[in-house]
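J.: Here's a structure for you.
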Amino acid sequence: MSSIIGATTPQSNNTKKFTISTRANVRVVSCIKGQVKINRNCISCASAKNNSNLSIDQLKKLKVITAIKTPYHPSGKFDLKTYDNIVQHQIENGVEGIVVGGTTGEGHLMSWDEHVMLIAHTVNSFGEKIAVIGNTGSNSTREALHATEQGFAVGMDAALQINPYYGKTSKSGLLRHFRSVLKEGPAIIYNVPGRTGQDIPDDVIFSVADSPNFLGVKECTGNKRIQNYTSKGVNCWSGNDDEAHDARHLHGAAGVISVTSNVIPKLVHNLMASPQPELNKSLQELMGWLFCEPNPISLNTTLSMCGLIQPVFRLPYVPLSLEQRQRGAKLLRDVKEFIPGCKEINILDDKDFILI
């Protein structure tokens with residue numbers, strides 16, 4: 001199993017170097033006043049290819065993948081102890097994979113050094129117990145390639161690849177982008193036009209599906225689209241928690257890449273393990289509330305209310321309103337026994353939240 005090894009004498013009062021040994025390679029990281037700096041010259045291009053313990057077929061069959069939350073200290077730095085507790089709860093409750101630094105994990109608010117460090121930390125701590133999927137996509141193909149190479153160098157099992165957003169490209173550009181990043185290693189393509197402003201056309205997916213590294217699509221446009229893909233042999237995960245039960249059991253999806261599983265991992269596991277329409281129906285209001293504002297606002301608020309993270313928000317995210325917190329508290333108390341580590345649910349005052 002991977003480990004952090006070789007701590008050395010500090011270079012100065014505020015700088016020290018240590019070596020991270022992953023299942024892929026060994027590389028040097030500097031920590032300067034708590035800020036992570038990665039020595040990219042230590043990354044072997046050869047080791048940037050996939051070194052996963054999991055086969056392509058195993059990765060394709062993951063049923064519950066949590067888009068994991070990244071918690072913070074009031075200083076703004078990652079709270080890795082809390083992060084580890086969250087991931088451990090996922091493992092203990094049947095979650096098979098996690099996306100590190102996704103939208104839910106606020107990868108877009110991280111530097112790439114932070115992002116790759118968190119992937120490396122996750123691999124080192126949990127890589128033998130759960131699939132680690134790094135969100136290393138970008139609207140810049142060069143940046144996506146560089147980040148994905150680093151992610152595989154520190155041992156991630158697969159990448160999550162978004163289509164270029166904001167600076168949108170043509171269909172031909174999409175094909176070249178995805179074919180380029182798929183050469184780096186196993187990847188899930190992520191289609192979420194509500195965030196990117198551009199839907200990935202079906203024929204683009206069908207064109208890149210013949211890549212040996214193509215794992216499938218995280219599809220957020222609904223179960224009709226998922227049915228169209230799965231009926232033609234394209235693997236899919238639902239990106240919509242409220243539709244995921246039917247996506248898996250009625251429309252052929254492999255499972256879900258979930259936000260809700262941060263909160264109630266065992267119940268989401270149960271929804272994917274076998275058809276449970278009554279359980280699914282009972283969780284719809286909670287799932288709806290978790291998306292009453294753009295993700296991850298509600299999730300961050302929820303985990304703060306449950307005492308599972310410090311109530312720290314990286315701007316531009318801010319907590320839910322008091323009215324929404326009051327509504328959510330009632331929903332959360334109904335499932336409190338299924339929220340790992342939660343002892344009580346507090347609505348909190350506005351002043352309890354720290355915005356950084």
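Quick note on naming: the chains in the structure tokens go A, B, ... in the order shown, residues restart at 1 in each chain, and ligands are numbered from 1 in order of appearance.
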If we count only C-alpha atoms, what is near range 207-223 of chain A at a cut-off of 6 Å, once residues fewer than 6 positions away on the same chain are taken out, given as a ChimeraX atom specification?

T.: /A:60,182,185-192,235-240,247

J.: Output N, CA and C atoms of each residue in that selection to a file, as a CSV table (one decimal), in the first residue's frame.

T.:
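Saved to result-v4.csv:
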chain,number,residue,atom,x,y,z
A,60,LYS,N,-15.6,-0.2,-14.7
A,60,LYS,CA,-16.8,0.0,-15.4
A,60,LYS,C,-18.0,-0.5,-14.5
A,182,LEU,N,-8.0,10.6,-23.4
A,182,LEU,CA,-8.1,9.1,-23.2
A,182,LEU,C,-6.9,8.4,-23.4
A,185,GLY,N,-5.0,7.4,-19.9
A,185,GLY,CA,-5.4,6.3,-19.0
A,185,GLY,C,-6.9,6.3,-18.9
A,186,PRO,N,-7.5,5.3,-18.1
A,186,PRO,CA,-8.9,5.2,-18.0
A,186,PRO,C,-9.6,6.5,-17.6
A,187,ALA,N,-10.8,6.7,-18.3
A,187,ALA,CA,-11.5,8.0,-18.0
A,187,ALA,C,-13.0,7.8,-18.2
A,188,ILE,N,-13.7,8.6,-17.3
A,188,ILE,CA,-15.1,8.8,-17.5
A,188,ILE,C,-15.3,10.2,-18.1
A,189,ILE,N,-16.1,10.2,-19.1
A,189,ILE,CA,-16.5,11.5,-19.7
A,189,ILE,C,-17.7,12.1,-19.0
A,190,TYR,N,-17.7,13.3,-18.7
A,190,TYR,CA,-18.7,14.0,-17.9
A,190,TYR,C,-19.5,15.0,-18.7
A,191,ASN,N,-20.8,14.7,-18.9
A,191,ASN,CA,-21.7,15.6,-19.6
A,191,ASN,C,-22.6,16.2,-18.7
A,192,VAL,N,-22.4,17.5,-18.5
A,192,VAL,CA,-23.3,18.3,-17.6
A,192,VAL,C,-23.5,19.7,-18.2
A,235,ASN,N,-21.4,2.4,-21.6
A,235,ASN,CA,-21.5,2.4,-20.1
A,235,ASN,C,-21.9,3.8,-19.6
A,236,CYS,N,-22.8,3.8,-18.6
A,236,CYS,CA,-23.2,5.1,-18.1
A,236,CYS,C,-23.3,5.1,-16.6
A,237,TRP,N,-23.1,6.2,-16.0
A,237,TRP,CA,-23.4,6.5,-14.6
A,237,TRP,C,-24.4,7.7,-14.6
A,238,SER,N,-25.4,7.6,-13.8
A,238,SER,CA,-26.3,8.7,-13.6
A,238,SER,C,-25.6,9.8,-12.8
A,239,GLY,N,-25.7,11.1,-13.3
A,239,GLY,CA,-25.2,12.2,-12.5
A,239,GLY,C,-26.3,12.9,-11.7
A,240,ASN,N,-27.5,12.3,-11.7
A,240,ASN,CA,-28.6,13.0,-11.0
A,240,ASN,C,-29.1,12.0,-9.9
A,247,ALA,N,-32.3,4.9,-13.2
A,247,ALA,CA,-31.3,4.8,-14.2
A,247,ALA,C,-30.6,3.5,-14.1

J.: So that I can check the surroundings of Val312 in chain A, please list as a list in words every protein, DNA and RNA residue that reaches within 12 Å of it, counting only C-alpha atoms and ignoring chain neighbours fewer than 6 positions away.

T.: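 So the residues in contact are Thr70, Pro71, Tyr72, His73, Pro74, Ser75, Gly76, Lys77, Phe78, Asp79, Ile297, Asn300, Thr301, Thr302, Leu303, Ser304, Met305, Val318, Pro319, Asp350, Lys351, Asp352, Phe353, Ile354, Leu355 and Ile356 of chain A.
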
J.: Residues of range 90-288 of chain A in strand (DSSP E or B) according to DSSP, as a ChimeraX atom specification?

T.: /A:97-100,131-134,158-162,187-191,214-219,236-238,255-258

J.: Only N, CA and C atoms, please: the residues just picked out, written as a CSV table (one decimal), in the first residue's frame.

T.:
chain,number,residue,atom,x,y,z
A,97,GLY,N,-16.2,3.9,-5.0
A,97,GLY,CA,-15.2,4.8,-5.6
A,97,GLY,C,-15.5,6.2,-5.2
A,98,ILE,N,-14.5,7.1,-5.3
A,98,ILE,CA,-14.7,8.5,-5.0
A,98,ILE,C,-14.1,9.4,-6.1
A,99,VAL,N,-14.8,10.5,-6.5
A,99,VAL,CA,-14.2,11.5,-7.3
A,99,VAL,C,-13.6,12.5,-6.5
A,100,VAL,N,-12.3,12.7,-6.6
A,100,VAL,CA,-11.5,13.7,-5.8
A,100,VAL,C,-11.4,15.0,-6.6
A,131,ALA,N,-11.8,2.9,-5.1
A,131,ALA,CA,-11.3,3.4,-6.4
A,131,ALA,C,-11.2,4.9,-6.3
A,132,VAL,N,-10.0,5.5,-6.7
A,132,VAL,CA,-9.8,6.9,-6.7
A,132,VAL,C,-9.8,7.5,-8.1
A,133,ILE,N,-10.8,8.3,-8.3
A,133,ILE,CA,-11.0,9.0,-9.6
A,133,ILE,C,-10.7,10.4,-9.5
A,134,GLY,N,-9.7,10.9,-10.2
A,134,GLY,CA,-9.3,12.3,-10.1
A,134,GLY,C,-10.0,13.1,-11.1
A,158,ALA,N,-8.4,6.4,-12.2
A,158,ALA,CA,-9.1,6.8,-13.4
A,158,ALA,C,-9.3,8.4,-13.3
A,159,ALA,N,-9.6,9.0,-14.5
A,159,ALA,CA,-9.8,10.4,-14.5
A,159,ALA,C,-11.3,10.7,-14.9
A,160,LEU,N,-11.7,11.8,-14.4
A,160,LEU,CA,-13.0,12.4,-14.9
A,160,LEU,C,-12.7,13.5,-15.8
A,161,GLN,N,-13.3,13.4,-17.0
A,161,GLN,CA,-12.9,14.4,-18.1
A,161,GLN,C,-14.2,15.2,-18.5
A,162,ILE,N,-14.2,16.5,-18.3
A,162,ILE,CA,-15.2,17.3,-18.7
A,162,ILE,C,-15.0,17.8,-20.2
A,187,ALA,N,-10.8,6.7,-18.3
A,187,ALA,CA,-11.5,8.0,-18.0
A,187,ALA,C,-13.0,7.8,-18.2
A,188,ILE,N,-13.7,8.6,-17.3
A,188,ILE,CA,-15.1,8.8,-17.5
A,188,ILE,C,-15.3,10.2,-18.1
A,189,ILE,N,-16.1,10.2,-19.1
A,189,ILE,CA,-16.5,11.5,-19.7
A,189,ILE,C,-17.7,12.1,-19.0
A,190,TYR,N,-17.7,13.3,-18.7
A,190,TYR,CA,-18.7,14.0,-17.9
A,190,TYR,C,-19.5,15.0,-18.7
A,191,ASN,N,-20.8,14.7,-18.9
A,191,ASN,CA,-21.7,15.6,-19.6
A,191,ASN,C,-22.6,16.2,-18.7
A,214,PHE,N,-11.8,4.2,-22.4
A,214,PHE,CA,-13.1,4.8,-22.2
A,214,PHE,C,-13.9,3.9,-21.2
A,215,LEU,N,-14.2,4.5,-20.1
A,215,LEU,CA,-15.0,3.8,-19.0
A,215,LEU,C,-16.5,4.0,-19.2
A,216,GLY,N,-16.9,5.1,-19.7
A,216,GLY,CA,-18.3,5.4,-19.8
A,216,GLY,C,-18.5,6.9,-19.6
A,217,VAL,N,-19.8,7.2,-19.4
A,217,VAL,CA,-20.2,8.6,-19.4
A,217,VAL,C,-21.0,8.9,-18.0
A,218,LYS,N,-20.6,9.9,-17.4
A,218,LYS,CA,-21.4,10.5,-16.3
A,218,LYS,C,-22.4,11.4,-17.0
A,219,GLU,N,-23.7,11.0,-17.0
A,219,GLU,CA,-24.7,11.7,-17.8
A,219,GLU,C,-25.7,12.4,-16.9
A,236,CYS,N,-22.8,3.8,-18.6
A,236,CYS,CA,-23.2,5.1,-18.1
A,236,CYS,C,-23.3,5.1,-16.6
A,237,TRP,N,-23.1,6.2,-16.0
A,237,TRP,CA,-23.4,6.5,-14.6
A,237,TRP,C,-24.4,7.7,-14.6
A,238,SER,N,-25.4,7.6,-13.8
A,238,SER,CA,-26.3,8.7,-13.6
A,238,SER,C,-25.6,9.8,-12.8
A,255,GLY,N,-24.5,2.6,-12.4
A,255,GLY,CA,-24.7,3.1,-11.0
A,255,GLY,C,-24.8,4.7,-11.1
A,256,VAL,N,-24.3,5.3,-10.0
A,256,VAL,CA,-24.4,6.7,-9.8
A,256,VAL,C,-23.1,7.3,-9.4
A,257,ILE,N,-22.8,8.5,-9.8
A,257,ILE,CA,-21.8,9.4,-9.2
A,257,ILE,C,-22.5,10.4,-8.4
A,258,SER,N,-22.5,10.3,-7.1
A,258,SER,CA,-23.5,10.9,-6.2
A,258,SER,C,-22.9,11.9,-5.3

J.: Just asking: which residues within range 42-288 of chain A are helix (DSSP H, G or I) according to DSSP, as a VMD selection string?

T.: chain A and resid 42 46 to 48 56 to 60 80 to 92 107 to 109 112 to 126 141 to 153 171 to 182 193 to 196 202 to 208 223 to 230 241 to 251 260 to 262 265 to 273 277 to 288

J.: Select, from A:Ser261, A:Gln324, A:Gln88, A:Asn346, the residue with the minimum atom-to-atom distance to Cys292 in chain A, counting only C-alpha atoms.

T.: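 Once distances to Cys292 in chain A are computed over only C-alpha atoms, the minimum belongs to A:Gln324.
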
J.: Have a look at CA of Phe291 in chain A and CA of Asn228 in chain A and let me know their distance in Å, one decimal.

T.: 25.8 Å

J.: Could you pull the residues within 10 Å of Arg325 in chain A, counting only C-alpha atoms, minus those fewer than 2 positions along the same chain, as an NGL selection string?

T.: :A and (289 or 298 or 301-302 or 305 or 319-323 or 327-331 or 346-349)

J.: Take the residues from that selection and put them in a file with all heavy atoms, as a CSV table (one decimal), in the first residue's frame.

T.:
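Wrote it out as again33.csv, contents follow:
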chain,number,residue,atom,x,y,z
A,289,TRP,N,-33.8,18.8,-1.9
A,289,TRP,CA,-33.3,19.9,-1.0
A,289,TRP,C,-31.8,20.1,-1.2
A,289,TRP,O,-31.3,21.2,-1.1
A,289,TRP,CB,-33.7,19.6,0.4
A,289,TRP,CG,-33.1,20.7,1.4
A,289,TRP,CD1,-33.5,21.9,1.6
A,289,TRP,CD2,-31.9,20.5,2.2
A,289,TRP,NE1,-32.7,22.6,2.5
A,289,TRP,CE2,-31.7,21.7,2.9
A,289,TRP,CE3,-31.1,19.4,2.4
A,289,TRP,CZ2,-30.7,21.9,3.8
A,289,TRP,CZ3,-30.0,19.6,3.3
A,289,TRP,CH2,-29.8,20.8,4.0
A,298,SER,N,-25.6,23.3,-0.7
A,298,SER,CA,-26.4,22.6,0.3
A,298,SER,C,-25.6,21.5,1.0
A,298,SER,O,-25.8,21.2,2.2
A,298,SER,CB,-27.6,21.9,-0.4
A,298,SER,OG,-28.5,23.0,-0.9
A,301,THR,N,-23.4,23.0,3.6
A,301,THR,CA,-24.3,23.4,4.7
A,301,THR,C,-24.7,22.2,5.5
A,301,THR,O,-24.7,22.2,6.8
A,301,THR,CB,-25.5,24.2,4.2
A,301,THR,OG1,-25.1,25.3,3.4
A,301,THR,CG2,-26.3,24.7,5.4
A,302,THR,N,-25.1,21.1,4.8
A,302,THR,CA,-25.5,19.9,5.5
A,302,THR,C,-24.4,19.3,6.4
A,302,THR,O,-24.7,19.0,7.6
A,302,THR,CB,-25.9,18.8,4.5
A,302,THR,OG1,-27.1,19.3,3.8
A,302,THR,CG2,-26.2,17.5,5.1
A,305,MET,N,-24.0,21.4,9.4
A,305,MET,CA,-25.1,21.2,10.4
A,305,MET,C,-25.0,19.9,11.1
A,305,MET,O,-25.4,19.8,12.3
A,305,MET,CB,-26.4,21.3,9.6
A,305,MET,CG,-26.8,22.7,9.1
A,305,MET,SD,-28.2,22.7,8.0
A,305,MET,CE,-29.5,22.0,9.0
A,319,PRO,N,-23.3,29.7,2.8
A,319,PRO,CA,-24.3,28.7,3.3
A,319,PRO,C,-25.7,29.0,2.8
A,319,PRO,O,-26.0,30.1,2.4
A,319,PRO,CB,-24.1,28.8,4.8
A,319,PRO,CG,-23.5,30.2,5.0
A,319,PRO,CD,-22.6,30.4,3.8
A,320,LEU,N,-26.5,28.0,3.0
A,320,LEU,CA,-28.0,28.2,2.7
A,320,LEU,C,-28.6,29.2,3.7
A,320,LEU,O,-28.0,29.4,4.8
A,320,LEU,CB,-28.7,26.8,2.9
A,320,LEU,CG,-28.5,25.8,1.8
A,320,LEU,CD1,-29.2,24.5,2.2
A,320,LEU,CD2,-28.9,26.2,0.4
A,321,SER,N,-29.6,29.8,3.3
A,321,SER,CA,-30.4,30.7,4.2
A,321,SER,C,-30.9,30.0,5.4
A,321,SER,O,-31.0,28.8,5.4
A,321,SER,CB,-31.5,31.3,3.4
A,321,SER,OG,-32.5,30.3,3.1
A,322,LEU,N,-31.2,30.8,6.4
A,322,LEU,CA,-31.7,30.2,7.7
A,322,LEU,C,-33.0,29.4,7.4
A,322,LEU,O,-33.2,28.3,7.9
A,322,LEU,CB,-32.0,31.3,8.7
A,322,LEU,CG,-32.7,30.9,10.0
A,322,LEU,CD1,-31.8,29.9,10.7
A,322,LEU,CD2,-33.0,32.1,10.9
A,323,GLU,N,-33.9,29.9,6.5
A,323,GLU,CA,-35.1,29.3,6.2
A,323,GLU,C,-34.8,27.9,5.5
A,323,GLU,O,-35.5,26.9,5.9
A,323,GLU,CB,-35.9,30.1,5.2
A,323,GLU,CG,-37.2,29.5,4.8
A,323,GLU,CD,-38.0,30.4,3.8
A,323,GLU,OE1,-37.5,31.4,3.4
A,323,GLU,OE2,-39.1,29.9,3.4
A,327,ARG,N,-35.6,24.0,7.0
A,327,ARG,CA,-36.3,23.0,6.3
A,327,ARG,C,-35.4,21.7,6.2
A,327,ARG,O,-35.9,20.6,6.4
A,327,ARG,CB,-36.6,23.5,4.8
A,327,ARG,CG,-37.2,22.5,3.9
A,327,ARG,CD,-37.4,23.1,2.5
A,327,ARG,NE,-37.7,22.0,1.6
A,327,ARG,CZ,-37.3,21.9,0.3
A,327,ARG,NH1,-36.5,22.8,-0.2
A,327,ARG,NH2,-37.7,20.9,-0.4
A,328,GLY,N,-34.1,21.9,5.9
A,328,GLY,CA,-33.2,20.8,5.8
A,328,GLY,C,-33.0,20.0,7.1
A,328,GLY,O,-32.9,18.8,7.0
A,329,ALA,N,-33.0,20.7,8.2
A,329,ALA,CA,-32.9,20.0,9.5
A,329,ALA,C,-33.9,19.0,9.7
A,329,ALA,O,-33.7,17.9,10.2
A,329,ALA,CB,-32.9,21.1,10.6
A,330,LYS,N,-35.2,19.3,9.3
A,330,LYS,CA,-36.3,18.3,9.5
A,330,LYS,C,-36.0,17.1,8.6
A,330,LYS,O,-36.2,16.0,9.0
A,330,LYS,CB,-37.6,19.0,9.1
A,330,LYS,CG,-38.0,20.1,10.0
A,330,LYS,CD,-39.3,20.8,9.5
A,330,LYS,CE,-39.7,22.0,10.4
A,330,LYS,NZ,-40.9,22.7,9.9
A,331,LEU,N,-35.6,17.3,7.4
A,331,LEU,CA,-35.3,16.2,6.5
A,331,LEU,C,-34.1,15.4,6.9
A,331,LEU,O,-34.2,14.1,6.9
A,331,LEU,CB,-35.0,16.7,5.1
A,331,LEU,CG,-36.2,17.5,4.4
A,331,LEU,CD1,-35.7,18.2,3.1
A,331,LEU,CD2,-37.3,16.5,4.1
A,346,ASN,N,-27.7,20.5,14.0
A,346,ASN,CA,-27.9,21.9,14.4
A,346,ASN,C,-28.2,22.8,13.3
A,346,ASN,O,-27.5,22.8,12.2
A,346,ASN,CB,-26.7,22.4,15.2
A,346,ASN,CG,-26.5,21.6,16.5
A,346,ASN,OD1,-27.4,21.5,17.3
A,346,ASN,ND2,-25.3,21.0,16.6
A,347,ILE,N,-29.1,23.7,13.4
A,347,ILE,CA,-29.4,24.7,12.3
A,347,ILE,C,-28.3,25.7,12.1
A,347,ILE,O,-28.1,26.1,11.0
A,347,ILE,CB,-30.8,25.3,12.6
A,347,ILE,CG1,-31.9,24.3,12.6
A,347,ILE,CG2,-31.1,26.5,11.6
A,347,ILE,CD1,-33.3,24.8,13.0
A,348,LEU,N,-27.6,26.0,13.2
A,348,LEU,CA,-26.5,27.0,13.2
A,348,LEU,C,-27.1,28.4,12.9
A,348,LEU,O,-28.1,28.6,12.3
A,348,LEU,CB,-25.5,26.6,12.2
A,348,LEU,CG,-24.8,25.3,12.3
A,348,LEU,CD1,-23.8,25.0,11.2
A,348,LEU,CD2,-24.1,25.1,13.7
A,349,ASP,N,-26.3,29.4,13.4
A,349,ASP,CA,-26.6,30.8,13.2
A,349,ASP,C,-25.7,31.2,12.0
A,349,ASP,O,-24.7,30.6,11.7
A,349,ASP,CB,-26.2,31.6,14.4
A,349,ASP,CG,-27.1,31.3,15.6
A,349,ASP,OD1,-28.3,31.1,15.3
A,349,ASP,OD2,-26.6,31.3,16.7

J.: Please, what distance in Å, to one decimal, runs between CA of Arg195 in chain A and CA of Tyr165 in chain A?

T.: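 Interatomic distance here is 7.9 Å.
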
J.: Calculated over only C-alpha atoms, which of the candidates A:Gln90, A:Thr230, A:Gln326, A:Gln276 has the smallest distance to His245 in chain A?

T.: A:Gln276

J.: Suppose you want the space between CA of Glu149 in chain A and CA of Asn135 in chain A; what is it in Å?

T.: 11.8 Å

J.: Looking at A:Gly101, A:Gly307, A:Pro193, A:Gly155, which one is nearest to Ile345 in chain A, with distances taken over only C-alpha atoms?

T.: A:Gly307

J.: Residues at most 12 Å from Gly107 in chain A, counting only C-alpha atoms, excluding those fewer than 3 positions away in the same chain, as a PyMOL selection string?

T.: chain A and resi 67-71+78+99-104+110-119+134-138+147+160+296+314
